[in-house]
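Notes to accompany the following structure.
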Amino acid sequence: MIALAPLPVVVPFLAATVLLLVTPFRHRGLFDLFSVSVALTAAGLCAVLALQSAVHPIVYWFGGWRPRGGVALGIAFVVDPLGAGLATFVAVMVAATLAYSWKYFKAIKALYHAQLLLFLGAATGFCLSGDLFNLFVFYELMSVVSYSLTTYQSDQKSPLIGGLNFAVTHSIAGALLVAGGIGTLYGRTGALNFEQVGRALENGPVDQVVVLSLTLILVGFFAKAAVVPFHFGHVDAHSVAPTPACVLFSTVVIQLGIYGAWRVYTTVFWGALAAHQEQVQAVFFWAGALSAVLGGVMCLLQRHLLRMLAFSAVSHVGMLLVGTAAFTPDALAGGVVYIVAHGVTTGALFMCAGLLLHTWSSLDELELRGRGRSFPWSGTVFFVAGLAVSGLPPFGMFLAKTMLESAVPPAHQTIARFVFLLSSTLTGAAVLRAAGRIYMGWGSVQTPEAVAPTGEEKKETLGRTRPIVMQLTATILLLLGLLAGQSSHAGTVAKLAGERFLDVRTVREAVLGQPVNWPAQTVSPPQLTWSAVRFGMSTVAAALTLAALSLLYRRRQNEWYRYVRFSWRALVVGLNALHSGRVSDYVLWLMAGVFGLAVYLRFVLM
Amino acid sequence: MNHFPEVIAAWLFVVGLYGIVTSRHLVHLVMCLGIIQAGTYLLLIAGGYRFPPAAAPIFETAEQTTLTSVDPIVQALTLTDIVVGAAVTALLLAITIQIHKSTGNLDPQELRLMHRP
């Protein structure tokens, strides 16, 4: 049954090729049906792999090139429950996106479906890959498809510029940083297989080569994961791409960047930096804290729905980093639940926003005020998803946040709690404010957010229809978010996956030596205490209050109000000016990040 | 150990990045990205170089496989990387053409993504 491992990659790639061959046929519904079923098949295959890998790590050597004497020349897929679980999640998200696109696009060709399937194959390959170079190639393939999806509506100006910014910053992160880091590691160790590189680094000194490669790979993956200050290109692309593509960018692309950083750090650098783990993990922690706070503030300052949701994703990736910085099995378990729960919940939000765009040709919160009154179904989904984002029990995001929080080491508890509270409140409040304004018509149009940048959508009336399939996919995703919050199941499975992911010794034996089973282990389901529920409820209350405050905002001739308005406006203008939309600024930020991290690591590691 | 190729790779990185940051034309920007990618190829190839200078890994008889040669794996990696780079460059040039069609402007400093009220 090990031969199953390459199938989740092969099947979508083959299906994409078939779709390209039959492009001349014009049976739109057939393409949709075919591609959704392929994505679901891939999801099934990944799920089977995840179940099998719960017994023993699955190692598949392409062409039967097994390692000899501990030297791996071949290319391997190494499947562990965490990676296969993430691949399943990606496949489900792609299937939902494809189902949603059925009515979203009026006229698309099979090329679109083929691209999404290519994306799926690359993403699953990325999750299962067992060596550095294939990790890089699969991620680049996924990125190239993302650029092309961003610019899919190539007759409009904004998607083109957004796609360009995204492609340039992302390619620099890939071609220069990640590939450079991999080249440096290969020059040092002569290996590409994770385990073999890890073993070689363990036996060598921690010198400039290690520092350089760690810096390049970390900044590269952070830049791909939209971590502040490398999030600019992402946010630009997320706010102009077609909504179905945005769903995948904000819920899959950036989270897989984090997964890449985890995977490389835990397999390659773990042993070599055993003495310095705290200093390296501080990088994860503080980068995460910065993203969570800045992303949250920026989220609240937006008036363009997709841009707001993009910043919300930045903020949530920050929380994910803060919570998993300790790299304990429990932390990673919380991280996986977080990725899945955030993915489905945010996916539902994007889909509701896309429905508004579909009907009103606008994504501007102020322009759309009250126009959502005739959307009771998707309005409810949007509102409930907003509550879930701010951490309402028993949704998956609540469980994930609780698991992440309890995994933070005591020394950082206070800061982490503060960051979690701030980020959940700000992102939740932004979504709830938009819900109140759009679906209920509350609030004034003359608010400080009015000076934030906004998009010019194509003025094309797509009809006042509200396709059931679009609302249904959003609802199903939200329900999946509820399902992910069932602590006894989701939490236990994730905790086991976290244990396996960090069981470096067993994986190394399975890859370089003989097939082995995981050591027997029992995990207890995560404990949901009353204090956690109270904390969850209090963030929800804070988010609701903040949303209500910003909806109640009125212009008043009052001394105190004037100060508030002035400082709020200054914040909006200043922070938005920082997001200049110029690719040169973004590249400078990237370089500053590399330089800063290199200097820091040089001093703490050597 | 001779670090000449690595120094050249670093130089290509710096030149390419400088070009991207100061670029006033999108085609120029895409070419600068190509220069950065060329730096990566050089870095990879340099990782497989052997001193004293060794032959290319082309063997005709079984005895020759014992000779010292440069590392063929990095050459395969470089080829793959070139393919990735070519795909990105092609896509970026296509985007550039479309941007020119829809705005008539190719200066990255002047292209504005969103409308600021």
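Note on naming: chains are A, B, ... as they come in the structure tokens, residues start from 1 per chain, ligands start from 1 in the order shown.
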
Exercise: region 85-93 of chain B partners within 12 Å, only C-alpha atoms, chain neighbours under 6 positions left out, as a ChimeraX atom specification: /A:137,140-152,154,160-172,174-176,179 /B:25-41,78-79,99-100,106

Contact residues (chain B, partner chain A, 7 Å, only C-alpha atoms) as a compact mmCIF listing (two decimals) with N, CA, C and O atoms, in the first residue's frame:
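What follows is the written file iface14.txt:
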```txt
# COMPACT_ATOMS: atom_id res chain seq x y z
N ILE B 20 16.17 45.89 -9.28
CA ILE B 20 14.73 45.81 -9.02
C ILE B 20 14.26 47.01 -8.20
O ILE B 20 13.23 47.61 -8.49
N VAL B 21 15.08 47.38 -7.20
CA VAL B 21 14.65 48.46 -6.32
C VAL B 21 14.60 49.79 -7.07
O VAL B 21 13.70 50.60 -6.85
N THR B 22 15.53 50.00 -8.00
CA THR B 22 15.57 51.30 -8.67
C THR B 22 14.90 51.27 -10.03
O THR B 22 14.93 52.26 -10.75
N ILE B 36 19.11 37.72 -10.77
CA ILE B 36 19.12 37.09 -9.44
C ILE B 36 19.06 35.57 -9.58
O ILE B 36 19.78 34.82 -8.91
N GLN B 37 18.19 35.13 -10.49
CA GLN B 37 18.07 33.68 -10.69
C GLN B 37 19.39 33.10 -11.20
O GLN B 37 19.81 32.02 -10.78
N THR B 40 21.57 32.33 -8.45
CA THR B 40 21.25 31.07 -7.79
C THR B 40 21.83 29.88 -8.54
O THR B 40 22.36 28.95 -7.94
N LEU B 43 25.42 29.63 -7.76
CA LEU B 43 25.65 29.14 -6.40
C LEU B 43 25.49 27.62 -6.35
O LEU B 43 26.29 26.92 -5.72
N LEU B 44 24.46 27.11 -7.02
CA LEU B 44 24.23 25.67 -7.01
C LEU B 44 25.37 24.93 -7.71
O LEU B 44 25.92 23.97 -7.18
N GLY B 47 28.50 24.65 -5.77
CA GLY B 47 28.47 23.68 -4.69
C GLY B 47 28.96 22.31 -5.12
O GLY B 47 29.38 21.50 -4.30
N GLY B 48 28.90 22.02 -6.42
CA GLY B 48 29.31 20.69 -6.87
C GLY B 48 30.70 20.66 -7.48
O GLY B 48 31.17 19.62 -7.92
N VAL B 88 8.55 31.50 -14.52
CA VAL B 88 8.24 32.76 -13.85
C VAL B 88 8.47 33.93 -14.80
O VAL B 88 7.64 34.84 -14.92
N LEU B 92 5.76 36.64 -16.04
CA LEU B 92 5.92 38.05 -15.72
C LEU B 92 5.91 38.90 -16.99
O LEU B 92 5.33 39.99 -17.01
N ILE B 95 2.41 39.27 -18.07
CA ILE B 95 1.72 40.27 -17.25
C ILE B 95 2.12 41.66 -17.70
O ILE B 95 1.30 42.58 -17.80
N GLN B 98 0.26 42.71 -20.70
CA GLN B 98 -1.12 43.05 -20.37
C GLN B 98 -1.21 44.39 -19.66
O GLN B 98 -2.14 45.17 -19.90
N ILE B 99 -0.24 44.66 -18.77
CA ILE B 99 -0.26 45.95 -18.07
C ILE B 99 -0.10 47.08 -19.09
O ILE B 99 -0.78 48.10 -19.03
N SER B 102 -3.37 47.65 -20.80
CA SER B 102 -4.49 48.25 -20.08
C SER B 102 -4.16 49.62 -19.48
O SER B 102 -5.07 50.40 -19.24
N THR B 103 -2.88 49.92 -19.25
CA THR B 103 -2.58 51.24 -18.67
C THR B 103 -1.70 52.09 -19.58
O THR B 103 -1.65 53.30 -19.42
N PRO B 108 7.20 50.89 -12.81
CA PRO B 108 6.68 50.30 -11.57
C PRO B 108 6.50 51.32 -10.45
O PRO B 108 5.75 51.06 -9.51
N GLN B 109 7.18 52.45 -10.53
CA GLN B 109 7.02 53.45 -9.47
C GLN B 109 5.68 54.18 -9.61
O GLN B 109 5.23 54.82 -8.67
N ARG B 112 -0.33 52.09 -9.76
CA ARG B 112 -1.04 52.07 -8.48
C ARG B 112 -2.09 50.98 -8.50
O ARG B 112 -2.90 50.90 -9.40
N LEU B 113 -2.03 50.18 -7.46
CA LEU B 113 -2.90 49.02 -7.38
C LEU B 113 -4.33 49.42 -7.01
O LEU B 113 -5.28 49.03 -7.64
N MET B 114 -4.43 50.20 -5.95
CA MET B 114 -5.76 50.52 -5.44
C MET B 114 -5.97 52.01 -5.49
O MET B 114 -5.05 52.81 -5.52
N HIS B 115 -7.22 52.34 -5.47
CA HIS B 115 -7.59 53.74 -5.58
C HIS B 115 -7.61 54.32 -4.16
O HIS B 115 -8.21 53.75 -3.26
N ARG B 116 -6.89 55.42 -3.96
CA ARG B 116 -6.86 56.03 -2.63
C ARG B 116 -7.74 57.26 -2.61
O ARG B 116 -7.45 58.23 -3.30
N PRO B 117 -8.80 57.24 -1.82
CA PRO B 117 -9.70 58.40 -1.80
C PRO B 117 -9.02 59.62 -1.18
O PRO B 117 -8.17 59.46 -0.33
```

Distance criterion (only C-alpha atoms): nearest to Asn105 (chain B) out of B:Phe59, B:Arg24, B:Ala76, B:Tyr18: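 Once distances to Asn105 (chain B) are computed over only C-alpha atoms, the minimum belongs to B:Arg24.
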
All residues 10 Å or closer to Trp442 (chain A), only C-alpha atoms, same chain fewer than 3 positions away omitted, as a list in words: Arg369, Gly370, Arg433, Ala434, Ala435, Gly436, Arg437, Ile438, Tyr439, Val445, Ala548, Leu551 and Leu552 of chain A

Write the residues of the selection above to a file with C-alpha atoms, as a CSV table (one decimal), in the first residue's frame.
```csv
chain,number,residue,atom,x,y,z
A,369,ARG,CA,-23.7,49.6,3.2
A,370,GLY,CA,-27.2,48.1,3.6
A,433,ARG,CA,-18.3,45.7,11.7
A,434,ALA,CA,-18.5,44.8,8.0
A,435,ALA,CA,-21.3,42.4,8.8
A,436,GLY,CA,-23.3,45.1,10.6
A,437,ARG,CA,-22.7,47.7,7.9
A,438,ILE,CA,-23.3,45.6,4.9
A,439,TYR,CA,-26.0,43.2,5.9
A,445,VAL,CA,-20.4,56.3,5.9
A,548,ALA,CA,-20.4,48.3,17.9
A,551,LEU,CA,-20.5,51.5,14.0
A,552,LEU,CA,-21.8,54.0,16.5
```
